[in-house]
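Reviewing the structure listed below.
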There are 2 protein chains.
Amino acid sequence: MRQVAILGIGQTKIDEHWEKSLREIGGDAAFAAMQDAGLEKVDSLFVGNMLAPIINGQNQLGTFFADWIGLWKHEAVKVEAACASGAAAFRAGLMAVASNEVDSALIIGVEKMTDKAGHDVTAALATAADADYEVEQGVSFVGINALMMRRYMHEFGWKHEDFAPFSINAHVNAMSNPYARLHEKITVEKFERSSVIATPINLLDASPTGDGAAAVVIVPAEKMVRKPRILVAASAAATDTIALHSRKDPLFLQAAYESSKRAYQIAGVTPDEIDVFELHDAFSIMAALSLEASGFAERGQGVRLGLDNEISPQGRVPVCTRGGLKARGHPVGATGIYQIVEVVQQLRGECGKTQVQDAKIGMAQNIGGSGATILTHILKA
Amino acid sequence: MRQVAILGIGQTKIDEHWEKSLREIGGDAAFAAMQDAGLEKVDSLFVGNMLAPIINGQNQLGTFFADWIGLWKHEAVKVEAACASGAAAFRAGLMAVASNEVDSALIIGVEKMTDKAGHDVTAALATAADADYEVEQGVSFVGINALMMRRYMHEFGWKHEDFAPFSINAHVNAMSNPYARLHEKITVEKFERSSVIATPINLLDASPTGDGAAAVVIVPAEKMVRKPRILVAASAAATDTIALHSRKDPLFLQAAYESSKRAYQIAGVTPDEIDVFELHDAFSIMAALSLEASGFAERGQGVRLGLDNEISPQGRVPVCTRGGLKARGHPVGATGIYQIVEVVQQLRGECGKTQVQDAKIGMAQNIGGSGATILTHILKA
């Protein structure tokens, strides 16, 4: 497998883009990445998307975007793994370049969620869970996460407010990210008083969805002259049971453990060498579980990293440095590419107020379903 | 890129499987392929599917099937390219093995279409077209194909009955295929008297959809001891505009031309060396256009191959030897894998009455949308 580098990045602000269509927001991110890469054409296109067939009535997004951005004749395909669609598309593009099948790939993560009413979106998001055995019982996707959070609090003795630092850190970091959905600082008091969605999850435990697209251009490492050269040091994907109730231990993200373990091995690093970790905080409970399964905290102790102020850009384990899913926003199928774009920004030293000093090794972890599909990527400058 | 071989194949009958769920039919095909390959585990899973998010309320099919068939922890993902989803998933699996990233891959093409009413399925199939510029005008997917057929008849002076040989050949070949949806011989008279769907397309120009799944297991060529060793000699994907009206020439499948040309080049063969060609006859017009763009007939002369009796298993260009989409059936996202399974059956000499004598080189071509995404694979025994 030949080494691959990330040559260009692009993204749109995550928002309610009433004025733009699915094709326009995806195109905007794609053109930004191509311009950043200094390329006019790429060999192939990989698109990560979860909801367009349901919400936008549009399938075949690979060709749909290849057509829109002028990549006629070129290979193009869509990859879907629920909320991990972005990272899964990145990995597919990576293998295409690594296998010598193509010499460059553009990967777009895109989602246009505000074209349907909220209850339709909630139903669409539930397709990430098991239709026959979970959704059939009436549980929503936030409901499944609420079960995990309640059990975690019970099992390890934490209070709801102990999760506040995850959301507070994400919100403060998003303040200087122009692409973030939310620009609003929050406090522990505000966190505790926020409306309950599915107890114990309240509005400030949950990430806002939205319309957004992010894109990256990858090439073989030897073809990248630009400095710093951002290399894909490791890519690993793993799965767990699709339904939460089938897991031996519903509070351990086995697929995060497997994919991060493999990624560390491939990259030849340990968790303490990771300078920045863009994790998948769709709900605050997922931030804790991801930190634990990926080797940054002991079982049941993930929240302590927040309470001990270790997760800020100046901390030992900087997470969500651009706002994370919580405040940058979570346009589901696009999120995995936003995470990779943000790690690249850190390794390039472009993060201003939330820049992690001397960041050389960054990790992005993208989660589909309640931990069913998890991909971990490690980048090195 | 290391060479890849097809070790095992499996398929279910295409039918209205009221008694089985999406997960069961996909699992049946997967287990059949694993058993045929003589393996108990594979490293990775790639699923081709188009409609499950809309029809079955289920996303994340990679992990969904990995869970069902016991591939916990392993990498799994879904690939979608409308009716070319099967071949696109095959190509993704191929690159994973070819790049040394995994040592074996199971690829499932699966579709469970009868869980919704006919008009819902028609609407779901239209997601293969351009939602903003085609579907918004009220045109259905069969309507788009009808426009192409009418123009072809006008442009090249053919009558509707001239397309009959494609359907007659497919139906007679399906008679000995136990997995085929239809087992019924037809005549020119019956073809001409059949109900009109979208003029000039009638019921016997159109392929029947249905529930079905097919699967293959691939490994590095050097790990395959079984004879005959079926090698993937070429894989090529190409795209065209997503909307029919954007094409300079709506009667030329540019993406079929591009992908077949590249496939011939990679495999080092010419069209007359292809012993069997499983083409994508979703509608009879597509059979003619596919033959022309892939170098088997001059422009506007594809139908002549049928009229001259060249397309039967004994002819010069055997197509749809197991029934094609027309009579074997077209469970959309599964079709590309059925085609590959059938080419393998031909190269193994397992096709009985429709066996092509001494078949050594076979080609499968899978089409998404009205020619928007086209993948061509060449296999060699």
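Chain labels A, B, ... are given in the sequence in which chains occur in the structure tokens; within each chain residues are numbered consecutively from 1, and ligands are likewise numbered from 1 in the order shown.
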List every residue of chain B that has an atom at most 8 Å from any atom of chain A, and for each one report the closest atom pair and its distance in Å to one decimal, counting only C-alpha atoms, with rows sorted by chain and then by increasing residue number, as JSON lines.
```
{"residue": "B:Met1", "atom": "CA", "partner": "A:Ser99", "partner_atom": "CA", "distance": 5.3}
{"residue": "B:Met50", "atom": "CA", "partner": "A:Asn59", "partner_atom": "CA", "distance": 7.6}
{"residue": "B:Pro53", "atom": "CA", "partner": "A:Thr127", "partner_atom": "CA", "distance": 6.6}
{"residue": "B:Ile54", "atom": "CA", "partner": "A:Ile54", "partner_atom": "CA", "distance": 5.8}
{"residue": "B:Asn56", "atom": "CA", "partner": "A:Ala131", "partner_atom": "CA", "distance": 7.7}
{"residue": "B:Gly57", "atom": "CA", "partner": "A:Thr127", "partner_atom": "CA", "distance": 5.3}
{"residue": "B:Gln58", "atom": "CA", "partner": "A:Thr127", "partner_atom": "CA", "distance": 4.6}
{"residue": "B:Asn59", "atom": "CA", "partner": "A:Thr127", "partner_atom": "CA", "distance": 5.0}
{"residue": "B:Gln60", "atom": "CA", "partner": "A:Ala81", "partner_atom": "CA", "distance": 4.5}
{"residue": "B:Leu61", "atom": "CA", "partner": "A:Ala81", "partner_atom": "CA", "distance": 7.3}
{"residue": "B:Gly62", "atom": "CA", "partner": "A:Ala81", "partner_atom": "CA", "distance": 7.0}
{"residue": "B:Thr63", "atom": "CA", "partner": "A:Thr239", "partner_atom": "CA", "distance": 6.1}
{"residue": "B:Phe64", "atom": "CA", "partner": "A:Ile242", "partner_atom": "CA", "distance": 5.7}
{"residue": "B:Ala66", "atom": "CA", "partner": "A:Thr239", "partner_atom": "CA", "distance": 7.7}
{"residue": "B:Asp67", "atom": "CA", "partner": "A:Thr241", "partner_atom": "CA", "distance": 5.1}
{"residue": "B:Trp72", "atom": "CA", "partner": "A:Asp240", "partner_atom": "CA", "distance": 5.6}
{"residue": "B:Lys73", "atom": "CA", "partner": "A:Thr239", "partner_atom": "CA", "distance": 4.6}
{"residue": "B:His74", "atom": "CA", "partner": "A:Ala238", "partner_atom": "CA", "distance": 5.2}
{"residue": "B:Glu75", "atom": "CA", "partner": "A:Ala238", "partner_atom": "CA", "distance": 4.6}
{"residue": "B:Ala76", "atom": "CA", "partner": "A:Thr239", "partner_atom": "CA", "distance": 6.8}
{"residue": "B:Val77", "atom": "CA", "partner": "A:Ala81", "partner_atom": "CA", "distance": 6.0}
{"residue": "B:Lys78", "atom": "CA", "partner": "A:Glu80", "partner_atom": "CA", "distance": 5.3}
{"residue": "B:Val79", "atom": "CA", "partner": "A:Val79", "partner_atom": "CA", "distance": 4.6}
{"residue": "B:Glu80", "atom": "CA", "partner": "A:Lys78", "partner_atom": "CA", "distance": 5.3}
{"residue": "B:Ala81", "atom": "CA", "partner": "A:Gln60", "partner_atom": "CA", "distance": 4.5}
{"residue": "B:Ala82", "atom": "CA", "partner": "A:Gln60", "partner_atom": "CA", "distance": 5.2}
{"residue": "B:Ala88", "atom": "CA", "partner": "A:Val77", "partner_atom": "CA", "distance": 7.2}
{"residue": "B:Ala92", "atom": "CA", "partner": "A:Ala92", "partner_atom": "CA", "distance": 6.8}
{"residue": "B:Met95", "atom": "CA", "partner": "A:Ala96", "partner_atom": "CA", "distance": 6.1}
{"residue": "B:Ala96", "atom": "CA", "partner": "A:Met95", "partner_atom": "CA", "distance": 6.1}
{"residue": "B:Ala98", "atom": "CA", "partner": "A:Ser99", "partner_atom": "CA", "distance": 6.2}
{"residue": "B:Ser99", "atom": "CA", "partner": "A:Ser99", "partner_atom": "CA", "distance": 4.2}
{"residue": "B:Asn100", "atom": "CA", "partner": "A:Met1", "partner_atom": "CA", "distance": 6.2}
{"residue": "B:Glu101", "atom": "CA", "partner": "A:Met1", "partner_atom": "CA", "distance": 7.3}
{"residue": "B:Ala124", "atom": "CA", "partner": "A:Gly57", "partner_atom": "CA", "distance": 7.8}
{"residue": "B:Thr127", "atom": "CA", "partner": "A:Gln58", "partner_atom": "CA", "distance": 4.6}
{"residue": "B:Ala128", "atom": "CA", "partner": "A:Asn59", "partner_atom": "CA", "distance": 5.3}
{"residue": "B:Ala129", "atom": "CA", "partner": "A:Gln58", "partner_atom": "CA", "distance": 7.5}
{"residue": "B:Asp130", "atom": "CA", "partner": "A:Gln58", "partner_atom": "CA", "distance": 7.0}
{"residue": "B:Ala131", "atom": "CA", "partner": "A:Gln58", "partner_atom": "CA", "distance": 5.7}
{"residue": "B:Ala237", "atom": "CA", "partner": "A:Glu75", "partner_atom": "CA", "distance": 5.2}
{"residue": "B:Ala238", "atom": "CA", "partner": "A:Glu75", "partner_atom": "CA", "distance": 4.7}
{"residue": "B:Thr239", "atom": "CA", "partner": "A:Lys73", "partner_atom": "CA", "distance": 4.6}
{"residue": "B:Asp240", "atom": "CA", "partner": "A:Trp72", "partner_atom": "CA", "distance": 5.6}
{"residue": "B:Thr241", "atom": "CA", "partner": "A:Asp67", "partner_atom": "CA", "distance": 5.1}
{"residue": "B:Ile242", "atom": "CA", "partner": "A:Phe64", "partner_atom": "CA", "distance": 5.7}
{"residue": "B:Gln254", "atom": "CA", "partner": "A:Lys73", "partner_atom": "CA", "distance": 7.6}
{"residue": "B:Ala255", "atom": "CA", "partner": "A:Lys73", "partner_atom": "CA", "distance": 6.2}
{"residue": "B:Glu258", "atom": "CA", "partner": "A:Lys73", "partner_atom": "CA", "distance": 7.0}
{"residue": "B:Gly368", "atom": "CA", "partner": "A:Gln60", "partner_atom": "CA", "distance": 7.7}
{"residue": "B:Gly369", "atom": "CA", "partner": "A:Gln60", "partner_atom": "CA", "distance": 7.9}
{"residue": "B:Ala372", "atom": "CA", "partner": "A:Thr63", "partner_atom": "CA", "distance": 6.6}
{"residue": "B:Thr373", "atom": "CA", "partner": "A:Thr63", "partner_atom": "CA", "distance": 6.4}
```
Long-range neighbours of Gly315 in chain A as an MDAnalysis selection string, 10 Å cut-off, only C-alpha atoms, 2 positions minimum in chain
chainID A and resid 275:276 305:306 308:313 317:319 356
Just the alpha helix (DSSP H) stuff from range 121-367 of chain B, please, per backbone DSSP, written as a PyMOL selection string.
chain B and resi 121-125+141-156+164-174+188-193+254-267+284-293+302-307+335-348
Show me, as number ranges by chain, the residues that have an atom within 12 Å of His280 in chain B when counting only C-alpha atoms, minus same-chain residues fewer than 4 positions from it.
B: 83-84, 86-87, 166, 170, 206-207, 253, 256, 284-291, 294, 319-320, 323-330, 332, 335-340, 363-371, 373-376
Selection file, N, CA and C atoms, as a short mmCIF file (atom, residue, chain, number, x, y, z; two decimals), in the first residue's frame:
```cif
data_model
loop_
_atom_site.label_atom_id
_atom_site.label_comp_id
_atom_site.auth_asym_id
_atom_site.auth_seq_id
_atom_site.Cartn_x
_atom_site.Cartn_y
_atom_site.Cartn_z
N CYS B 83 -28.66 1.58 -9.53
CA CYS B 83 -28.72 0.18 -9.97
C CYS B 83 -27.34 -0.40 -10.21
N ALA B 84 -26.29 0.43 -10.13
CA ALA B 84 -24.92 -0.07 -10.27
C ALA B 84 -24.28 -0.29 -8.89
N GLY B 86 -24.29 -2.83 -6.92
CA GLY B 86 -23.65 -4.14 -6.78
C GLY B 86 -22.22 -4.12 -7.29
N ALA B 87 -22.05 -3.69 -8.53
CA ALA B 87 -20.70 -3.66 -9.11
C ALA B 87 -19.82 -2.65 -8.40
N PHE B 166 -34.19 -9.59 -27.75
CA PHE B 166 -33.52 -9.43 -26.45
C PHE B 166 -34.34 -10.08 -25.34
N ALA B 170 -33.59 -13.67 -23.29
CA ALA B 170 -33.48 -13.64 -21.82
C ALA B 170 -34.44 -14.64 -21.20
N ALA B 206 -39.47 -4.48 -20.19
CA ALA B 206 -39.00 -4.07 -18.86
C ALA B 206 -38.64 -5.25 -17.98
N SER B 207 -37.61 -5.08 -17.18
CA SER B 207 -37.20 -6.15 -16.26
C SER B 207 -38.09 -6.10 -15.02
N LEU B 253 -24.09 5.60 -24.68
CA LEU B 253 -23.73 5.40 -23.27
C LEU B 253 -22.22 5.66 -23.11
N ALA B 256 -20.42 3.68 -20.55
CA ALA B 256 -20.20 2.27 -20.94
C ALA B 256 -19.00 2.21 -21.86
N SER B 284 -35.21 -3.14 -22.75
CA SER B 284 -34.59 -3.70 -23.95
C SER B 284 -33.71 -2.66 -24.65
N ILE B 285 -34.09 -1.39 -24.57
CA ILE B 285 -33.27 -0.34 -25.19
C ILE B 285 -31.86 -0.32 -24.60
N MET B 286 -31.75 -0.60 -23.29
CA MET B 286 -30.43 -0.55 -22.66
C MET B 286 -29.53 -1.68 -23.16
N ALA B 287 -30.13 -2.82 -23.54
CA ALA B 287 -29.33 -3.91 -24.09
C ALA B 287 -28.68 -3.45 -25.39
N ALA B 288 -29.48 -2.81 -26.26
CA ALA B 288 -28.95 -2.34 -27.54
C ALA B 288 -27.85 -1.30 -27.33
N LEU B 289 -28.11 -0.33 -26.44
CA LEU B 289 -27.14 0.75 -26.22
C LEU B 289 -25.85 0.24 -25.59
N SER B 290 -25.97 -0.73 -24.71
CA SER B 290 -24.81 -1.30 -24.04
C SER B 290 -23.93 -2.04 -25.05
N LEU B 291 -24.56 -2.81 -25.94
CA LEU B 291 -23.80 -3.54 -26.97
C LEU B 291 -23.05 -2.57 -27.89
N SER B 294 -20.13 -0.68 -26.01
CA SER B 294 -19.05 -1.56 -25.55
C SER B 294 -18.32 -2.22 -26.71
N VAL B 319 -25.40 -13.04 -24.59
CA VAL B 319 -25.75 -12.10 -23.50
C VAL B 319 -26.87 -12.69 -22.65
N CYS B 320 -26.95 -12.25 -21.41
CA CYS B 320 -28.04 -12.63 -20.51
C CYS B 320 -28.23 -14.14 -20.49
N GLY B 323 -30.59 -15.36 -17.97
CA GLY B 323 -31.90 -14.69 -17.98
C GLY B 323 -31.81 -13.17 -17.97
N GLY B 324 -30.62 -12.66 -17.65
CA GLY B 324 -30.46 -11.20 -17.65
C GLY B 324 -31.40 -10.53 -16.66
N LEU B 325 -31.40 -9.21 -16.68
CA LEU B 325 -32.30 -8.49 -15.78
C LEU B 325 -33.74 -8.79 -16.17
N LYS B 326 -33.96 -8.99 -17.48
CA LYS B 326 -35.32 -9.18 -18.00
C LYS B 326 -36.03 -10.39 -17.42
N ALA B 327 -35.34 -11.51 -17.25
CA ALA B 327 -36.05 -12.72 -16.81
C ALA B 327 -35.47 -13.31 -15.52
N ARG B 328 -34.14 -13.17 -15.34
CA ARG B 328 -33.59 -13.56 -14.02
C ARG B 328 -34.18 -12.62 -12.98
N GLY B 329 -34.36 -11.34 -13.36
CA GLY B 329 -34.94 -10.36 -12.45
C GLY B 329 -33.94 -9.27 -12.09
N HIS B 330 -34.45 -8.16 -11.55
CA HIS B 330 -33.63 -6.98 -11.28
C HIS B 330 -33.91 -6.40 -9.89
N VAL B 332 -32.65 -4.23 -7.71
CA VAL B 332 -31.72 -3.21 -8.21
C VAL B 332 -30.29 -3.21 -7.66
N THR B 335 -28.26 -6.52 -8.47
CA THR B 335 -28.06 -6.99 -9.85
C THR B 335 -26.60 -7.12 -10.26
N GLY B 336 -25.76 -6.15 -9.91
CA GLY B 336 -24.35 -6.20 -10.31
C GLY B 336 -23.64 -7.43 -9.78
N ILE B 337 -24.03 -7.90 -8.61
CA ILE B 337 -23.40 -9.11 -8.06
C ILE B 337 -23.98 -10.36 -8.74
N TYR B 338 -25.28 -10.37 -9.03
CA TYR B 338 -25.84 -11.50 -9.81
C TYR B 338 -25.07 -11.66 -11.13
N GLN B 339 -24.81 -10.53 -11.79
CA GLN B 339 -24.10 -10.61 -13.08
C GLN B 339 -22.72 -11.25 -12.92
N ILE B 340 -22.00 -10.83 -11.86
CA ILE B 340 -20.65 -11.39 -11.64
C ILE B 340 -20.73 -12.87 -11.28
N MET B 363 -17.56 -10.97 -19.32
CA MET B 363 -17.65 -9.55 -18.94
C MET B 363 -19.01 -9.28 -18.31
N ALA B 364 -19.02 -8.42 -17.30
CA ALA B 364 -20.27 -8.01 -16.66
C ALA B 364 -20.31 -6.49 -16.67
N GLN B 365 -21.44 -5.94 -17.05
CA GLN B 365 -21.57 -4.48 -17.08
C GLN B 365 -22.84 -4.05 -16.35
N ASN B 366 -22.67 -3.20 -15.37
CA ASN B 366 -23.74 -2.80 -14.47
C ASN B 366 -23.97 -1.30 -14.63
N ILE B 367 -25.24 -0.92 -14.81
CA ILE B 367 -25.57 0.48 -15.13
C ILE B 367 -26.44 1.12 -14.04
N GLY B 368 -26.03 2.30 -13.57
CA GLY B 368 -26.82 3.05 -12.60
C GLY B 368 -27.47 4.24 -13.27
N GLY B 369 -28.74 4.47 -13.00
CA GLY B 369 -29.48 5.57 -13.63
C GLY B 369 -29.64 5.30 -15.12
N SER B 370 -29.89 6.35 -15.88
CA SER B 370 -30.08 6.20 -17.33
C SER B 370 -28.73 6.22 -18.04
N GLY B 371 -27.74 5.53 -17.44
CA GLY B 371 -26.40 5.49 -18.01
C GLY B 371 -25.43 6.40 -17.28
N THR B 373 -23.86 6.04 -14.13
CA THR B 373 -22.72 5.34 -13.52
C THR B 373 -22.61 3.96 -14.16
N ILE B 374 -21.50 3.64 -14.76
CA ILE B 374 -21.38 2.33 -15.41
C ILE B 374 -20.04 1.69 -15.05
N LEU B 375 -20.13 0.45 -14.56
CA LEU B 375 -18.93 -0.31 -14.20
C LEU B 375 -18.83 -1.54 -15.08
N THR B 376 -17.62 -1.81 -15.57
CA THR B 376 -17.39 -2.99 -16.39
C THR B 376 -16.31 -3.84 -15.74
#
```
Which of range 154-369 of chain A counts as strand (DSSP E) under DSSP, as a ChimeraX atom specification please?
/A:196-198,201-202,212-220,230-239,276-278,361-368
Please determine, counting only C-alpha atoms, which residue among A:Asp205, A:Glu134, A:Glu298, A:Asp211 has the shortest atom-to-atom distance to Ala282 in chain A.
A:Asp205
Interatomic distance between CA of Thr354 in chain B and CA of Ser176 in chain B?
7.5 Å
Env of Arg348 in chain A: 12 Å cut, atoms = only C-alpha atoms, seq-sep filter 6 positions within chain, self excluded. Answer as a ChimeraX atom specification.
/A:6-9,226-231,341-342,355-362,379-381
May I ask which of the residues A:Ile144, A:Trp158, A:Ile14, A:Gln314 is the closest one to Asn173 in chain A, counting only C-alpha atoms?
A:Gln314
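In terms of minimum interatomic distance to Glu111 in chain A, A:Ala334 ranks closest within A:Val216, A:Ala146, A:Ala334, A:Ala267, counting only C-alpha atoms.
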